[in-house]
file work-v4.txt (compact mmCIF, C-alpha atoms)
# COMPACT_ATOMS: atom_id res chain seq x y z
CA MET A 30 132.94 72.15 106.03
CA ASP A 31 134.55 68.87 107.01
CA GLY A 32 132.31 67.82 109.87
CA THR A 33 128.80 66.47 110.10
CA MET A 34 125.78 68.63 110.87
CA ILE A 35 124.10 67.46 114.08
CA LYS A 36 120.43 68.41 114.32
CA VAL A 37 118.64 69.37 117.49
CA GLY A 38 114.84 69.23 117.36
CA MET A 39 112.23 71.21 119.25
CA ALA A 40 112.48 70.49 122.99
CA ASP A 41 115.67 68.55 122.40
CA ALA A 42 119.38 68.83 123.25
CA ASN A 43 122.64 67.45 121.91
CA ILE A 44 126.37 68.00 121.95
CA CYS A 45 129.07 68.15 119.33
CA HIS A 46 132.85 68.09 118.91
CA SER A 47 134.83 70.05 116.35
CA PRO A 48 134.86 69.75 113.32
CA ASP A 49 131.17 68.77 113.54
CA VAL A 50 128.56 71.50 113.59
CA ILE A 51 125.38 71.60 115.67
CA THR A 52 122.16 73.20 114.46
CA THR A 53 118.50 73.75 115.26
CA LEU A 54 116.06 74.85 112.57
CA GLY A 55 113.31 77.45 112.62
CA LEU A 56 113.45 78.84 116.14
CA GLY A 57 110.36 80.97 116.75
CA SER A 58 109.41 81.82 120.31
CA CYS A 59 111.69 79.03 121.48
CA VAL A 60 115.27 79.84 122.49
CA GLY A 61 118.40 78.08 121.27
CA VAL A 62 121.07 78.04 123.97
CA ALA A 63 124.57 77.15 122.79
CA LEU A 64 127.17 76.35 125.46
CA TYR A 65 130.84 76.13 124.56
CA ASP A 66 134.15 75.11 126.05
CA LYS A 67 136.79 76.51 123.73
CA THR A 68 139.64 74.54 125.29
CA THR A 69 138.14 71.17 124.38
CA LYS A 70 136.10 72.55 121.46
CA ILE A 71 132.98 70.84 122.75
CA ALA A 72 129.67 72.60 122.19
CA GLY A 73 126.13 71.83 123.32
CA LEU A 74 122.81 73.13 122.06
CA VAL A 75 119.38 72.98 123.68
CA HIS A 76 116.10 74.09 122.04
CA VAL A 77 114.07 75.46 124.95
CA MET A 78 110.27 75.89 124.59
CA LEU A 79 109.10 77.03 128.01
CA PRO A 80 110.64 79.08 130.81
CA ASP A 81 109.91 77.07 133.93
CA SER A 82 109.56 73.32 134.55
CA THR A 83 108.01 73.84 137.97
CA LYS A 84 104.93 75.54 136.45
CA VAL A 85 104.03 72.56 134.28
CA ARG A 86 102.76 69.17 135.39
CA GLN A 87 104.09 67.29 132.37
CA ASN A 88 107.75 68.13 132.93
CA GLN A 89 109.55 64.82 132.28
CA ASN A 90 111.18 66.14 129.12
CA LYS A 91 114.00 68.16 130.65
CA ALA A 92 115.17 69.71 127.37
CA LYS A 93 111.82 71.49 126.99
CA PHE A 94 112.45 73.98 129.81
CA ALA A 95 115.01 76.73 130.36
CA ASP A 96 115.84 75.66 133.90
CA THR A 97 116.16 71.88 133.50
CA GLY A 98 117.32 72.03 129.88
CA ILE A 99 120.48 74.00 130.62
CA ASP A 100 121.33 71.76 133.59
CA MET A 101 120.89 68.71 131.40
CA LEU A 102 123.08 70.14 128.65
CA ILE A 103 125.88 70.89 131.11
CA ASP A 104 125.73 67.30 132.39
CA MET A 105 125.93 65.98 128.84
CA MET A 106 128.93 68.19 128.08
CA ARG A 107 130.80 67.26 131.28
CA LYS A 108 130.41 63.57 130.49
CA GLU A 109 132.12 64.27 127.18
CA GLY A 110 135.01 65.97 128.92
CA ALA A 111 134.05 69.65 128.74
CA ASN A 112 135.33 71.86 131.52
CA ARG A 113 132.33 73.19 133.47
CA SER A 114 134.09 76.30 134.76
CA LEU A 115 135.13 77.41 131.27
CA LEU A 116 131.68 77.29 129.67
CA THR A 117 130.37 80.35 127.86
CA ALA A 118 126.98 80.87 126.18
CA LYS A 119 125.47 82.33 123.05
CA ILE A 120 121.69 82.51 122.69
CA ALA A 121 119.17 83.15 119.91
CA GLY A 122 115.40 83.08 119.39
CA GLY A 123 112.57 84.17 121.66
CA ALA A 124 110.72 85.99 118.89
CA GLN A 125 107.13 87.14 119.02
CA MET A 126 105.85 85.57 115.81
CA PHE A 127 102.35 87.07 115.81
CA ALA A 128 101.19 90.57 116.59
CA PHE A 129 98.12 89.30 118.42
CA GLY A 130 97.49 86.17 120.43
CA SER A 131 94.85 84.65 122.63
CA ASN A 132 96.38 86.24 125.69
CA ASN A 133 99.36 88.16 126.93
CA ASP A 134 100.94 85.04 128.26
CA MET A 135 100.99 83.50 124.80
CA LEU A 136 102.46 86.63 123.23
CA ARG A 137 105.16 87.12 125.79
CA VAL A 138 106.40 83.53 125.93
CA GLY A 139 109.37 84.33 123.67
CA GLN A 140 110.47 87.15 125.90
CA ARG A 141 109.89 85.07 129.03
CA ASN A 142 111.97 82.25 127.56
CA VAL A 143 114.85 84.65 126.98
CA GLU A 144 114.54 86.06 130.51
CA ALA A 145 114.44 82.57 132.03
CA VAL A 146 117.50 81.45 130.06
CA LYS A 147 119.44 84.53 131.17
CA ALA A 148 118.42 84.06 134.79
CA LYS A 149 119.47 80.41 134.73
CA LEU A 150 122.85 81.18 133.12
CA LYS A 151 123.47 83.94 135.64
CA GLU A 152 122.66 81.61 138.50
CA LEU A 153 125.18 79.11 137.12
CA GLY A 154 127.80 81.81 136.56
CA ILE A 155 127.96 81.22 132.79
CA ARG A 156 128.72 84.35 130.80
CA ILE A 157 126.62 85.20 127.71
CA LEU A 158 129.06 86.30 125.01
CA ALA A 159 126.43 87.22 122.42
CA GLU A 160 122.70 87.09 121.75
CA GLU A 161 120.29 87.60 118.85
CA THR A 162 116.86 87.49 120.47
CA GLY A 163 113.37 88.99 120.38
CA GLU A 164 111.91 90.73 117.29
CA ASN A 165 109.28 88.99 115.17
CA TYR A 166 111.05 86.58 112.86
CA GLY A 167 112.19 82.96 112.90
CA ARG A 168 115.84 81.88 113.08
CA THR A 169 117.89 78.87 112.11
CA VAL A 170 121.10 78.64 114.09
CA GLU A 171 124.40 76.77 113.59
CA PHE A 172 127.18 76.57 116.15
CA TYR A 173 130.75 75.90 114.99
CA PRO A 174 132.87 74.53 117.85
CA GLU A 175 136.04 74.97 115.80
CA THR A 176 135.70 78.77 115.94
CA GLY A 177 132.95 79.42 118.46
CA ASP A 178 130.88 81.10 115.74
CA PHE A 179 127.11 81.12 116.09
CA LEU A 180 125.53 81.57 112.66
CA ILE A 181 121.99 82.98 112.46
CA LYS A 182 119.84 82.58 109.34
CA SER A 183 116.44 84.23 108.82
CA VAL A 184 114.02 84.60 105.91
CA GLY A 185 114.74 87.72 103.86
CA ARG A 186 117.60 88.85 106.07
CA GLU A 187 121.38 88.79 105.85
CA GLN A 188 123.10 85.93 107.63
CA LYS A 189 124.71 86.96 110.83
CA ILE A 190 127.57 85.55 112.88
CA ILE A 191 127.56 86.36 116.56
CA MET B 8 89.95 68.09 136.27
CA GLN B 9 93.32 67.37 134.75
CA LYS B 10 93.78 66.15 131.26
CA ASP B 11 96.67 65.67 128.90
CA GLU B 12 97.18 64.28 125.47
CA GLU B 13 99.27 61.36 126.63
CA ASN B 14 96.21 59.92 128.30
CA MET B 15 93.77 60.58 125.50
CA ASP B 16 91.73 57.48 124.80
CA ASP B 17 90.59 56.22 121.41
CA MET B 18 87.07 57.50 121.87
CA GLU B 19 88.24 61.05 122.52
CA PHE B 20 90.58 60.87 119.58
CA ASP B 21 87.70 59.72 117.36
CA ILE B 22 85.59 62.62 118.53
CA LEU B 23 88.33 65.14 117.80
CA THR B 24 88.80 63.54 114.38
CA GLU B 25 85.12 63.93 113.69
CA ILE B 26 85.20 67.55 114.82
CA GLY B 27 88.12 68.05 112.44
CA ASN B 28 86.15 66.45 109.62
CA ILE B 29 83.09 68.58 110.08
CA GLY B 30 85.07 71.77 110.56
CA ALA B 31 87.21 71.18 107.50
CA GLY B 32 84.16 70.30 105.41
CA ASN B 33 82.55 73.62 106.23
CA ALA B 34 85.84 75.42 105.60
CA THR B 35 86.07 73.84 102.15
CA THR B 36 82.63 75.13 101.22
CA ALA B 37 83.61 78.59 102.40
CA LEU B 38 86.80 78.43 100.36
CA ALA B 39 84.92 77.42 97.20
CA LYS B 40 82.56 80.37 97.63
CA LEU B 41 85.44 82.72 98.29
CA ILE B 42 87.39 81.91 95.15
CA ASP B 43 84.23 81.21 93.19
CA GLY B 44 85.39 77.84 91.97
CA ARG B 45 85.09 74.16 92.61
CA VAL B 46 87.05 72.91 95.60
CA ASP B 47 87.28 69.28 96.64
CA MET B 48 88.44 68.20 100.02
CA HIS B 49 90.25 64.99 100.85
CA VAL B 50 89.31 63.33 104.11
CA PRO B 51 91.26 65.26 106.72
CA LYS B 52 94.05 63.52 108.54
CA VAL B 53 94.13 63.97 112.26
CA GLU B 54 97.43 63.25 113.89
CA MET B 55 98.96 63.52 117.31
CA LEU B 56 102.51 64.48 116.51
CA ALA B 57 105.65 64.75 118.56
CA PHE B 58 107.08 68.29 118.38
CA LYS B 59 110.09 67.13 116.44
CA ASP B 60 107.86 65.77 113.67
CA LEU B 61 105.45 68.69 113.53
CA ALA B 62 107.35 70.80 111.01
CA GLU B 63 108.26 67.78 108.89
CA ILE B 64 104.63 67.55 107.77
CA LEU B 65 104.99 70.98 106.20
CA GLY B 66 108.15 70.03 104.33
CA GLY B 67 110.66 70.79 107.05
CA ALA B 68 111.29 73.40 109.72
CA GLU B 69 112.75 75.89 107.25
CA GLU B 70 109.94 75.65 104.70
CA LEU B 71 108.33 79.05 104.07
CA VAL B 72 104.66 79.06 105.19
CA ALA B 73 101.89 81.53 105.95
CA GLY B 74 100.24 81.24 109.35
CA ILE B 75 97.08 83.01 110.46
CA LEU B 76 96.46 83.00 114.20
CA LEU B 77 93.04 83.69 115.70
CA SER B 78 92.10 84.13 119.31
CA LEU B 79 89.05 82.31 120.63
CA GLU B 80 86.76 83.58 123.32
CA GLY B 81 83.39 82.55 124.70
CA ASP B 82 82.71 78.97 125.79
CA ILE B 83 85.86 77.76 124.07
CA GLU B 84 88.95 79.76 124.90
CA GLY B 85 92.31 79.41 123.27
CA SER B 86 93.48 79.97 119.75
CA MET B 87 93.46 78.50 116.31
CA LEU B 88 96.22 78.51 113.74
CA PHE B 89 95.62 78.02 110.04
CA VAL B 90 98.77 77.25 108.07
CA LEU B 91 99.18 77.34 104.31
CA GLU B 92 102.19 76.27 102.32
CA ASN B 93 103.77 79.24 100.56
CA LYS B 94 102.79 78.07 97.09
CA ALA B 95 99.19 77.45 98.16
CA ALA B 96 99.00 80.85 99.84
CA HIS B 97 100.12 82.57 96.62
CA HIS B 98 97.69 80.52 94.57
CA LEU B 99 94.70 81.44 96.75
CA VAL B 100 95.64 85.10 96.88
CA HIS B 101 95.93 85.25 93.10
CA LYS B 102 92.58 83.52 92.70
CA LEU B 103 90.93 85.88 95.13
CA MET B 104 92.44 89.01 93.66
CA GLY B 105 91.90 87.91 90.10
CA SER B 106 95.51 88.17 88.99
CA ASP B 107 96.98 85.57 86.68
CA GLY B 108 99.08 83.84 89.28
CA SER B 109 102.19 83.91 87.14
CA THR B 110 104.32 85.68 89.71
CA LEU B 111 104.87 83.04 92.34
CA GLU B 112 107.67 84.79 94.17
CA ASP B 113 108.42 84.44 97.86
CA SER B 114 107.09 87.70 99.17
CA PHE B 115 103.58 89.13 99.43
CA THR B 116 102.56 92.74 98.86
CA GLU B 117 100.69 94.52 101.62
CA MET B 118 97.45 94.06 99.69
CA GLU B 119 98.15 90.35 99.28
CA GLN B 120 98.86 90.05 102.99
CA SER B 121 95.48 91.62 103.80
CA ALA B 122 93.86 89.16 101.41
CA LEU B 123 95.63 86.28 103.17
CA VAL B 124 94.40 87.44 106.56
CA GLU B 125 90.89 87.57 105.14
CA ILE B 126 91.19 84.07 103.64
CA GLY B 127 92.41 82.73 106.96
CA ASN B 128 89.67 84.55 108.80
CA ILE B 129 86.87 83.23 106.61
CA ILE B 130 88.13 79.66 106.40
CA SER B 131 88.84 79.43 110.12
CA GLY B 132 85.50 81.07 110.83
CA ALA B 133 83.69 78.42 108.82
CA TYR B 134 85.64 75.74 110.63
CA LEU B 135 84.78 77.16 114.03
CA THR B 136 81.11 77.69 113.14
CA ALA B 137 80.84 73.97 112.40
CA ILE B 138 82.39 73.11 115.75
CA SER B 139 80.13 75.60 117.48
CA GLN B 140 77.02 74.05 115.96
CA LEU B 141 78.17 70.54 116.74
CA THR B 142 78.97 71.24 120.37
CA ASN B 143 76.35 73.90 120.96
CA LEU B 144 79.10 76.00 122.46
CA ASN B 145 79.53 79.68 121.75
CA ILE B 146 82.84 80.51 120.06
CA ILE B 147 83.87 84.10 119.35
CA GLN B 148 86.90 84.64 117.15
CA THR B 149 88.92 87.81 117.42
CA VAL B 150 91.84 89.62 115.80
CA PRO B 151 93.49 87.49 113.15
CA SER B 152 97.23 87.94 112.87
CA LEU B 153 99.45 86.91 109.96
CA ALA B 154 103.05 85.71 109.93
CA ILE B 155 105.02 84.51 106.94
CA ASP B 156 108.12 82.69 108.05
CA MET B 157 109.81 79.32 108.55
CA ALA B 158 107.40 76.52 109.43
CA GLY B 159 109.30 75.68 112.60
CA ALA B 160 109.08 79.25 113.86
CA ILE B 161 105.35 79.56 113.11
CA LEU B 162 104.58 76.17 114.61
CA SER B 163 106.54 77.00 117.75
CA VAL B 164 103.56 79.12 118.80
CA PRO B 165 100.99 76.29 119.04
CA ALA B 166 103.71 73.83 120.07
CA ILE B 167 104.53 75.92 123.13
CA GLU B 168 100.86 75.97 124.13
CA PHE B 169 100.65 72.20 123.73
CA GLY B 170 104.00 71.94 125.49
CA LYS B 171 102.31 72.92 128.73
CA LEU B 172 100.21 69.75 128.49
CA GLY B 173 102.57 67.20 127.02
CA ASP B 174 105.03 66.53 124.24
CA LYS B 175 102.66 66.28 121.32
CA ALA B 176 100.38 68.52 119.31
CA LEU B 177 97.09 67.73 117.61
CA LEU B 178 97.25 68.57 113.91
CA ILE B 179 94.33 68.45 111.51
CA GLU B 180 95.57 68.33 107.96
CA SER B 181 93.05 69.28 105.29
CA GLN B 182 94.01 68.94 101.71
CA PHE B 183 91.91 70.94 99.30
CA GLU B 184 92.05 70.66 95.58
CA ASP B 185 90.68 73.11 93.08
CA ASP B 186 90.77 72.88 89.30
CA GLU B 187 94.44 73.73 89.14
CA ILE B 188 96.47 72.62 92.14
CA ASP B 189 96.38 70.81 95.43
CA VAL B 190 96.13 73.28 98.23
CA CYS B 191 97.31 71.98 101.54
CA GLY B 192 95.98 73.72 104.60
CA TYR B 193 96.48 72.77 108.21
CA PHE B 194 94.30 73.61 111.16
CA ILE B 195 95.69 73.54 114.64
CA LEU B 196 93.10 74.10 117.33
CA ILE B 197 94.58 75.02 120.67
CA PRO B 198 91.85 75.01 123.31
CA THR B 199 92.74 75.73 126.90
CA LEU B 200 92.56 72.74 129.25
CA GLU B 201 89.18 73.84 130.57
CA SER B 202 87.83 74.36 127.06
CA TYR B 203 89.07 70.97 125.95
CA THR B 204 87.15 69.34 128.75
CA ARG B 205 84.12 71.46 127.87
CA ILE B 206 84.19 70.34 124.22
CA LEU B 207 84.24 66.67 125.18
CA LYS B 208 81.55 67.19 127.81
CA SER B 209 79.27 68.96 125.34
CA LEU B 210 79.48 65.85 123.19
CA GLY B 211 78.51 63.62 126.07
CA MET B 212 81.95 62.45 127.16
call {"tool": "encode", "arguments": {"input": "work-v4.txt", "output": "structure tokens"}}
result
Amino acid sequence: MDGTMIKVGMADANICHSPDVITTLGLGSCVGVALYDKTTKIAGLVHVMLPDSTKVRQNQNKAKFADTGIDMLIDMMRKEGANRSLLTAKIAGGAQMFAFGSNNDMLRVGQRNVEAVKAKLKELGIRILAEETGENYGRTVEFYPETGDFLIKSVGREQKII
Amino acid sequence: MQKDEENMDDMEFDILTEIGNIGAGNATTALAKLIDGRVDMHVPKVEMLAFKDLAEILGGAEELVAGILLSLEGDIEGSMLFVLENKAAHHLVHKLMGSDGSTLEDSFTEMEQSALVEIGNIISGAYLTAISQLTNLNIIQTVPSLAIDMAGAILSVPAIEFGKLGDKALLIESQFEDDEIDVCGYFILIPTLESYTRILKSLGM
């Protein structure tokens, strides 16, 4: 690998140009949304924690929510010269880490994050090319703008490229 | 009544620190009894951490850890997560089950997983009992659930709950030490907003 690895933290977003690679580590119930313009080889990644910014009073951090996070990422990518109409998406995460939780809401947050991300992408007309979501295990993801590969790493499982 | 961590004042922070101290002290005693050995506890560290720094405490987002999640009911609703570093989890399980501890591999057998759930249950129970006595509030703990995975993935569960209130999480780090190794355990108490207010009120805030 020639490029640098750009890290995206929890409730954070960033963009990257080929040959750099963008990653977020240890996704649990959060969802990693990678957007990609293959013509300019610009990729963006947002680490979404919650489905809906309008349901939370403390919603200044846009990257934290599916709705505002994806909008923000698109803005960041456009400023770097990505073509909005050519964007495609790959998503990962949204696991249910524990079998029991204090309430249904807490258990289902992974699933709700995935649903919210899909709804937002559909609303924006961005096609999801691949996903690796749900289940009960954590995921580290790496997006390679050179190829459009989305690499998924989990504990005790084979690596996967989607 | 609305409350969030961003606006927490020093006094409230001190109170939560003290709760952490008392809870962890009781948990240490329970741990010593459980493994039938001497366990010392360092003064717990209480920190309000930004999400991005949360997993760093545990050695990074990809570090393998064991997390035991308990639901809380009664006067304090919410949940509590007890996190052990992988090495510490193996050490405690071996102590409890009386094996020699020479096989410190990554995975746990089914029996070892049950033992881990029990350790988490007892230690968290002792922690919560102390808080219950201090606040005079009734806390009922239910169904412990175990996950062994990357620290970031495990911590996403409490982080998301805290995420509804702000951009930080309250972490109580308790370092235990027995005759052989340092055992780092972390308690993350996640009360609902109403319960949080109730805890402070019960202590005269």
call {"tool": "closest_residue", "arguments": {"input": "work-v4.txt", "among": "B:Gly211, B:Gly74, B:Gly170, B:Pro151", "to": "Gln89 of chain A", "atoms": "all atoms listed in the file"}}
result
B:Gly170
call {"tool": "residues_around", "arguments": {"input": "work-v4.txt", "residues": "Lys119 of chain A", "least_positions_apart": "2", "cutoff": "8 Å", "atoms": "only C-alpha atoms", "output": "list in words"}}
result
Val62, Ala63, Leu64, Thr117, Ala121, Ile157, Leu158, Ala159, Glu160, Phe179 and Ile191 of chain A
call {"tool": "write_last_selection", "arguments": {"input": "work-v4.txt", "atoms": "C-alpha atoms", "output": "compact mmCIF listing (two decimals), in the frame of the given file"}}
result
# COMPACT_ATOMS: atom_id res chain seq x y z
CA VAL A 62 121.07 78.04 123.97
CA ALA A 63 124.57 77.15 122.79
CA LEU A 64 127.17 76.35 125.46
CA THR A 117 130.37 80.35 127.86
CA ALA A 121 119.17 83.15 119.91
CA ILE A 157 126.62 85.20 127.71
CA LEU A 158 129.06 86.30 125.01
CA ALA A 159 126.43 87.22 122.42
CA GLU A 160 122.70 87.09 121.75
CA PHE A 179 127.11 81.12 116.09
CA ILE A 191 127.56 86.36 116.56
call {"tool": "closest_residue", "arguments": {"input": "work-v4.txt", "among": "A:Gly122, A:Pro174, A:Gly38, A:Gly61", "to": "chain B", "atoms": "only C-alpha atoms"}}
result
A:Gly38
call {"tool": "residues_around", "arguments": {"input": "work-v4.txt", "residues": "segment 81-84 of chain B", "least_positions_apart": "4", "cutoff": "7 Å", "atoms": "only C-alpha atoms", "output": "list in words"}}
result
Leu144, Asn145, Ile146, Ile147, Pro198, Thr199 and Ser202 of chain B
call {"tool": "interface_residues", "arguments": {"input": "work-v4.txt", "of": "chain B", "to": "chain A", "cutoff": "7 Å", "atoms": "only C-alpha atoms", "output": "list in words"}}
result
Phe58, Lys59, Ala68, Glu69, Leu77, Ser78, Leu79, Gly85, Ser86, Val150, Ser152, Leu153, Ala154, Asp156, Met157, Ala158, Gly159, Ala160, Ile161, Ser163, Val164, Ile167, Lys171, Leu172 and Gly173 of chain B
call {"tool": "axis_aligned_box", "arguments": {"input": "work-v4.txt", "around": "segment 162-177 of chain A", "padding_each_side": "3 Å", "output": "JSON"}}
result
{"center_x": 122.7, "center_y": 82.6, "center_z": 116.3, "size_x": 32.8, "size_y": 22.2, "size_z": 14.4}
call {"tool": "closest_residue", "arguments": {"input": "work-v4.txt", "among": "A:Lys149, A:Lys70, A:Thr52, A:Asn43", "to": "Asp104 of chain A", "atoms": "only C-alpha atoms"}}
result
A:Asn43
call {"tool": "atom_distance", "arguments": {"input": "work-v4.txt", "atom1": "atom CA of Met48 of chain B", "atom2": "atom CA of Tyr134 of chain B"}}
result
13.3 Å
call {"tool": "atom_distance", "arguments": {"input": "work-v4.txt", "atom1": "atom CA of Phe172 of chain A", "atom2": "atom CA of Gly73 of chain A"}}
result
8.7 Å
call {"tool": "residues_around", "arguments": {"input": "work-v4.txt", "residues": "Lys40 of chain B", "least_positions_apart": "6", "cutoff": "12 Å", "atoms": "only C-alpha atoms", "output": "list of chain:residue names"}}
result
B:Asn33, B:Ala34, B:Val46, B:Lys102, B:Leu103, B:Ile126, B:Ile129, B:Ile130, B:Ala133, B:Asp185
call {"tool": "atom_distance", "arguments": {"input": "work-v4.txt", "atom1": "atom CA of Gly132 of chain B", "atom2": "atom CA of Asp189 of chain B"}}
result
21.5 Å
call {"tool": "residues_around", "arguments": {"input": "work-v4.txt", "residues": "Ala122 of chain B", "least_positions_apart": "5", "cutoff": "10 Å", "atoms": "all atoms listed in the file", "output": "list in words"}}
result
Ala96, Leu99, Val100, His101, Leu103, Met104, Phe115, Thr116, Glu117, Gly127 and Asn128 of chain B
call {"tool": "residues_around", "arguments": {"input": "work-v4.txt", "residues": "segment 207-210 of chain B", "least_positions_apart": "4", "cutoff": "9 Å", "atoms": "all atoms listed in the file", "output": "list of chain:residue names"}}
result
B:Glu19, B:Ile22, B:Leu23, B:Leu141, B:Thr142, B:Asn143, B:Leu144, B:Ser202, B:Tyr203
call {"tool": "closest_residue", "arguments": {"input": "work-v4.txt", "among": "A:Lys108, A:Lys91, A:Arg141, A:Lys67", "to": "Asp178 of chain A", "atoms": "all atoms listed in the file"}}
result
A:Lys67
call {"tool": "closest_residue", "arguments": {"input": "work-v4.txt", "among": "A:Asp100, A:Glu109, A:Glu187, A:Glu171", "to": "Val50 of chain A", "atoms": "all atoms listed in the file"}}
result
A:Glu171
call {"tool": "residues_near_point", "arguments": {"input": "work-v4.txt", "point": "(121.8, 81.0, 133.0)", "cutoff": "12 Å", "atoms": "only C-alpha atoms", "output": "PyMOL selection string"}}
result
chain A and resi 62-64+80+95-100+102-103+116-120+142-157
call {"tool": "closest_residue", "arguments": {"input": "work-v4.txt", "among": "B:Leu71, B:Leu41, B:Val53, B:Ala166", "to": "Gly105 of chain B", "atoms": "all atoms listed in the file"}}
result
B:Leu41
